[in-house]
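Data file: model_20.csv. Format and content: CSV, C-alpha atoms.
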chain,number,residue,atom,x,y,z
A,1,MET,CA,144.4,109.2,80.8
A,2,LYS,CA,144.2,111.9,83.5
A,3,PHE,CA,144.8,115.5,82.6
A,4,ASN,CA,145.0,118.5,84.8
A,5,VAL,CA,142.9,121.2,83.1
A,6,ALA,CA,143.1,123.9,85.7
A,7,GLN,CA,145.0,126.3,83.4
A,8,LEU,CA,142.7,125.5,80.5
A,9,LEU,CA,139.7,126.3,82.7
A,10,LYS,CA,141.2,129.7,83.5
A,11,ALA,CA,141.8,130.4,79.8
A,12,THR,CA,139.4,132.2,77.4
A,13,VAL,CA,136.7,130.3,75.6
A,14,GLY,CA,138.1,128.7,72.4
A,15,THR,CA,141.6,128.0,73.8
A,16,THR,CA,142.8,124.5,72.8
A,17,ARG,CA,145.4,122.0,73.9
A,18,GLU,CA,146.5,119.0,71.9
A,19,TYR,CA,147.6,115.7,73.6
A,20,GLU,CA,149.1,112.5,72.4
A,21,ILE,CA,147.7,109.6,74.3
A,22,ASP,CA,149.4,106.3,75.0
A,23,ASP,CA,147.9,104.9,78.1
A,24,GLY,CA,146.2,101.8,79.3
A,25,ILE,CA,142.9,100.6,80.7
A,26,SER,CA,142.5,97.0,81.9
A,27,TYR,CA,138.8,96.3,81.1
A,28,VAL,CA,135.8,97.5,79.2
A,29,GLU,CA,133.0,96.1,81.4
A,30,ASP,CA,134.2,92.5,81.8
A,31,VAL,CA,136.2,92.4,78.5
A,32,PRO,CA,140.0,92.6,78.9
A,33,VAL,CA,141.8,95.2,76.9
A,34,SER,CA,145.0,93.9,75.3
A,35,SER,CA,146.6,97.1,74.1
A,36,ASN,CA,147.2,100.6,75.2
A,37,VAL,CA,144.8,103.3,74.2
A,38,VAL,CA,146.7,105.2,71.6
A,39,GLY,CA,145.8,108.4,69.7
A,40,ARG,CA,145.2,112.1,69.9
A,41,ALA,CA,142.8,114.3,71.8
A,42,ARG,CA,142.1,118.0,71.5
A,43,PHE,CA,140.8,119.9,74.5
A,44,THR,CA,138.9,123.1,73.8
A,45,ARG,CA,137.7,125.5,76.5
A,46,THR,CA,133.9,126.1,76.3
A,47,PRO,CA,131.7,128.4,78.3
A,48,ARG,CA,130.6,125.4,80.5
A,49,GLY,CA,133.8,123.4,80.6
A,50,VAL,CA,136.1,121.5,78.3
A,51,LEU,CA,135.2,119.9,75.0
A,52,VAL,CA,137.3,116.8,74.2
A,53,ALA,CA,137.6,115.6,70.6
A,54,ALA,CA,139.3,112.3,70.7
A,55,ASP,CA,140.5,109.9,68.0
A,56,LEU,CA,141.8,106.7,69.7
A,57,THR,CA,142.5,103.1,69.0
A,58,LEU,CA,142.8,100.0,71.3
A,59,ALA,CA,142.3,96.2,71.0
A,60,ALA,CA,140.0,94.1,73.1
A,61,SER,CA,140.5,90.4,73.9
A,62,LEU,CA,137.4,88.5,72.8
A,63,THR,CA,136.3,85.0,72.1
A,64,CYS,CA,134.9,84.0,68.7
A,65,SER,CA,131.2,83.3,69.1
A,66,ARG,CA,131.4,80.4,66.6
A,67,CYS,CA,134.6,78.5,67.2
A,68,LEU,CA,135.5,79.8,70.7
A,69,GLU,CA,139.0,80.8,69.7
A,70,ASP,CA,140.6,83.9,71.3
A,71,LEU,CA,140.9,86.9,69.1
A,72,GLU,CA,142.1,90.5,69.2
A,73,TYR,CA,139.4,92.9,68.2
A,74,PRO,CA,140.6,96.4,67.1
A,75,LEU,CA,138.5,99.3,68.1
A,76,HIS,CA,138.7,102.8,66.6
A,77,LEU,CA,137.0,105.4,68.9
A,78,ARG,CA,136.1,108.9,67.8
A,79,PHE,CA,134.1,111.1,70.1
A,80,ASP,CA,133.3,114.6,71.1
A,81,GLU,CA,132.3,115.0,74.7
A,82,GLU,CA,132.0,118.0,77.0
A,83,PHE,CA,133.4,117.7,80.5
A,84,GLU,CA,131.9,120.0,83.1
A,85,PRO,CA,133.8,121.2,86.2
A,86,THR,CA,132.5,120.3,89.7
A,87,VAL,CA,134.5,123.2,91.4
A,88,ASP,CA,135.0,126.7,90.2
A,89,VAL,CA,138.7,127.0,89.3
A,90,VAL,CA,139.1,130.6,90.4
A,91,THR,CA,137.0,130.6,93.6
A,92,GLY,CA,137.2,127.0,94.7
A,93,ILE,CA,133.5,127.0,95.3
A,94,GLU,CA,131.6,123.8,94.5
A,95,ILE,CA,129.5,124.1,91.3
A,96,PRO,CA,126.0,122.4,91.5
A,97,GLY,CA,126.3,119.1,89.5
A,98,PRO,CA,124.6,118.7,86.2
A,99,GLU,CA,121.0,117.5,86.2
A,100,ASP,CA,122.0,114.6,83.8
A,101,GLU,CA,124.1,112.1,85.8
A,102,LEU,CA,125.5,110.8,82.5
A,103,VAL,CA,127.4,114.1,81.9
A,104,PHE,CA,131.2,113.7,82.1
A,105,THR,CA,132.7,115.8,84.9
A,106,ILE,CA,136.1,117.2,85.9
A,107,ASP,CA,136.9,116.4,89.5
A,108,ALA,CA,137.4,118.8,92.4
A,109,ASN,CA,141.2,118.8,91.7
A,110,HIS,CA,140.5,119.9,88.1
A,111,ILE,CA,141.5,116.5,86.8
A,112,LEU,CA,139.8,115.4,83.5
A,113,ASP,CA,139.8,111.6,83.3
A,114,LEU,CA,139.1,110.2,79.9
A,115,ALA,CA,138.9,106.5,81.1
A,116,ARG,CA,135.1,106.5,81.6
A,117,ALA,CA,134.5,108.0,78.2
A,118,VAL,CA,136.9,105.5,76.5
A,119,ARG,CA,135.2,102.6,78.3
A,120,GLU,CA,131.7,103.7,77.3
A,121,TYR,CA,132.6,104.3,73.6
A,122,ALA,CA,134.6,101.0,73.5
A,123,LEU,CA,131.6,99.2,74.9
A,124,LEU,CA,129.5,100.6,72.2
A,125,GLY,CA,132.0,99.4,69.6
A,126,LEU,CA,132.2,95.8,70.8
A,127,PRO,CA,130.4,93.3,68.6
A,128,MET,CA,127.5,91.4,70.1
A,129,GLN,CA,128.8,88.2,68.5
A,130,PRO,CA,132.5,88.5,67.7
A,131,LEU,CA,133.9,86.4,64.9
A,132,CYS,CA,137.5,85.5,64.3
A,133,ARG,CA,136.8,85.9,60.6
A,134,ASP,CA,133.6,86.4,58.5
A,135,ASP,CA,133.6,82.9,57.1
A,136,CYS,CA,134.3,81.1,60.5
A,137,LEU,CA,132.9,77.6,60.3
A,138,GLY,CA,132.5,77.2,64.0
A,139,LEU,CA,132.4,73.9,66.0
A,140,CYS,CA,131.0,70.5,65.1
A,141,PRO,CA,127.8,70.2,67.2
A,142,GLU,CA,128.5,66.5,67.8
A,143,CYS,CA,132.2,66.3,68.6
A,144,GLY,CA,133.2,69.9,69.2
A,145,GLN,CA,136.0,69.9,66.5
A,146,ASN,CA,137.0,73.4,65.3
A,147,LEU,CA,135.9,73.1,61.7
A,148,ASN,CA,138.3,75.9,60.7
A,149,ARG,CA,141.2,73.5,61.4
A,150,GLY,CA,139.7,70.6,59.4
A,151,LYS,CA,136.7,68.4,58.9
A,152,CYS,CA,135.7,65.9,61.6
A,153,SER,CA,134.5,62.3,61.1
A,154,CYS,CA,131.0,63.0,62.4
A,155,SER,CA,127.9,62.6,60.2
A,156,ASN,CA,127.1,65.9,58.7
A,157,ALA,CA,123.4,65.0,58.5
A,158,LEU,CA,121.8,66.5,61.6
A,159,VAL,CA,118.3,65.2,62.1
A,160,ASP,CA,115.8,66.9,64.3
A,161,SER,CA,114.7,64.4,66.9
A,162,ARG,CA,111.1,65.1,66.0
A,163,LEU,CA,111.7,63.9,62.5
A,164,ALA,CA,113.9,60.9,63.4
A,165,VAL,CA,111.0,58.4,62.6
A,166,LEU,CA,110.7,59.8,59.1
A,167,ALA,CA,114.5,59.5,58.6
A,168,LYS,CA,114.3,55.8,59.6
A,169,LEU,CA,111.5,55.3,57.1
A,170,LEU,CA,113.6,56.9,54.4
A,171,GLU,CA,116.5,54.7,55.2
A,172,ALA,CA,114.3,51.6,55.1
A,173,GLY,CA,113.0,52.6,51.7
A,174,THR,CA,109.3,52.6,52.8
A,175,LEU,CA,108.9,56.4,52.2
A,176,SER,CA,109.7,57.9,48.8
A,177,THR,CA,111.2,61.4,48.6
A,178,SER,CA,110.0,62.1,45.1
A,179,ALA,CA,106.5,63.2,44.3
A,180,ASP,CA,104.1,60.5,43.0
A,181,PRO,CA,103.1,61.5,39.5
A,182,ASP,CA,99.8,59.6,39.8
A,183,ARG,CA,98.8,61.8,42.7
A,184,ALA,CA,99.6,65.1,40.9
A,185,GLY,CA,96.0,65.5,39.8
A,186,ASP,CA,94.7,65.0,43.4
A,187,ARG,CA,96.1,68.4,44.6
A,188,ARG,CA,93.6,71.1,45.3
A,189,SER,CA,94.3,74.6,43.9

If you convert what's in this file into structure tokens, what do you get?
Amino acid sequence: MKFNVAQLLKATVGTTREYEIDDGISYVEDVPVSSNVVGRARFTRTPRGVLVAADLTLAASLTCSRCLEDLEYPLHLRFDEEFEPTVDVVTGIEIPGPEDELVFTIDANHILDLARAVREYALLGLPMQPLCRDDCLGLCPECGQNLNRGKCSCSNALVDSRLAVLAKLLEAGTLSTSADPDRAGDRRS
């Protein structure tokens, strides 16, 4: 996703170039990317540099946060970012860098690399807790069975260990779960 923009930097403000993109990146942070970055980008010459308007798609390889199955998560990225040159294209003189270090730059060879912008926008688009589907049932907390594939034979009644004594009293029949009608009048309002 590298583009030589030397000729565009020499052009008048408002000049545009259109590019079809079908290129790959390997990772977004530590998340593997499973497809090429595909889409379109429009480069427009601005007084300071090049404005990139991109409309891109890619897929990230994630793990479902409930059932731990692998999944392909599609990402649709749309962004408008201005890239500033680090060297004057006509004179070859180094241009003082932008005060904001987060500004995207064009390198000394007039190469505009979209990879950093794609990674940053893809990272923003990744879910904090990815799901293979909205109604994912997850794993059984006792045996680890993927409940999307079928029920397990474990007891579904999970008891908080702090309430285990009360559960034993209920099983033994010494504790009633219904309200005692004779005590209804003892309640304070």

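Ranking A:Thr86, A:Ser61, A:Thr91, A:Gln129 by their shortest atom-to-atom distance to Tyr27 of chain A, with all atoms listed in the file included, puts A:Ser61 first.
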
Measure the distance from atom CA of Tyr73 of chain A to atom CA of Phe43 of chain A in Å and round it to one decimal. 27.8 Å

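If you measure from each of A:Arg66, A:Arg48, A:Lys10, A:Lys2 to Leu147 of chain A using only C-alpha atoms, the closest one turns out to be A:Arg66.
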
I need the residue nearest Ile95 of chain A from this list: A:Asp107, A:Val37, A:Arg133, A:Arg162. Use all atoms listed in the file for the distance. A:Asp107

Tell me, in Å to one decimal, how far atom CA of Thr44 of chain A is from atom CA of Thr15 of chain A.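 Here the two named atoms are 5.6 Å from each other.
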
Could you list, as a PyMOL selection string, every residue within 7 Å of Phe104 of chain A, counting only C-alpha atoms and ignoring same-chain residues fewer than 5 positions away? chain A and resi 82-84

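When atom CA of Leu131 of chain A is paired with atom CA of Leu58 of chain A, their separation reads 17.5 Å.
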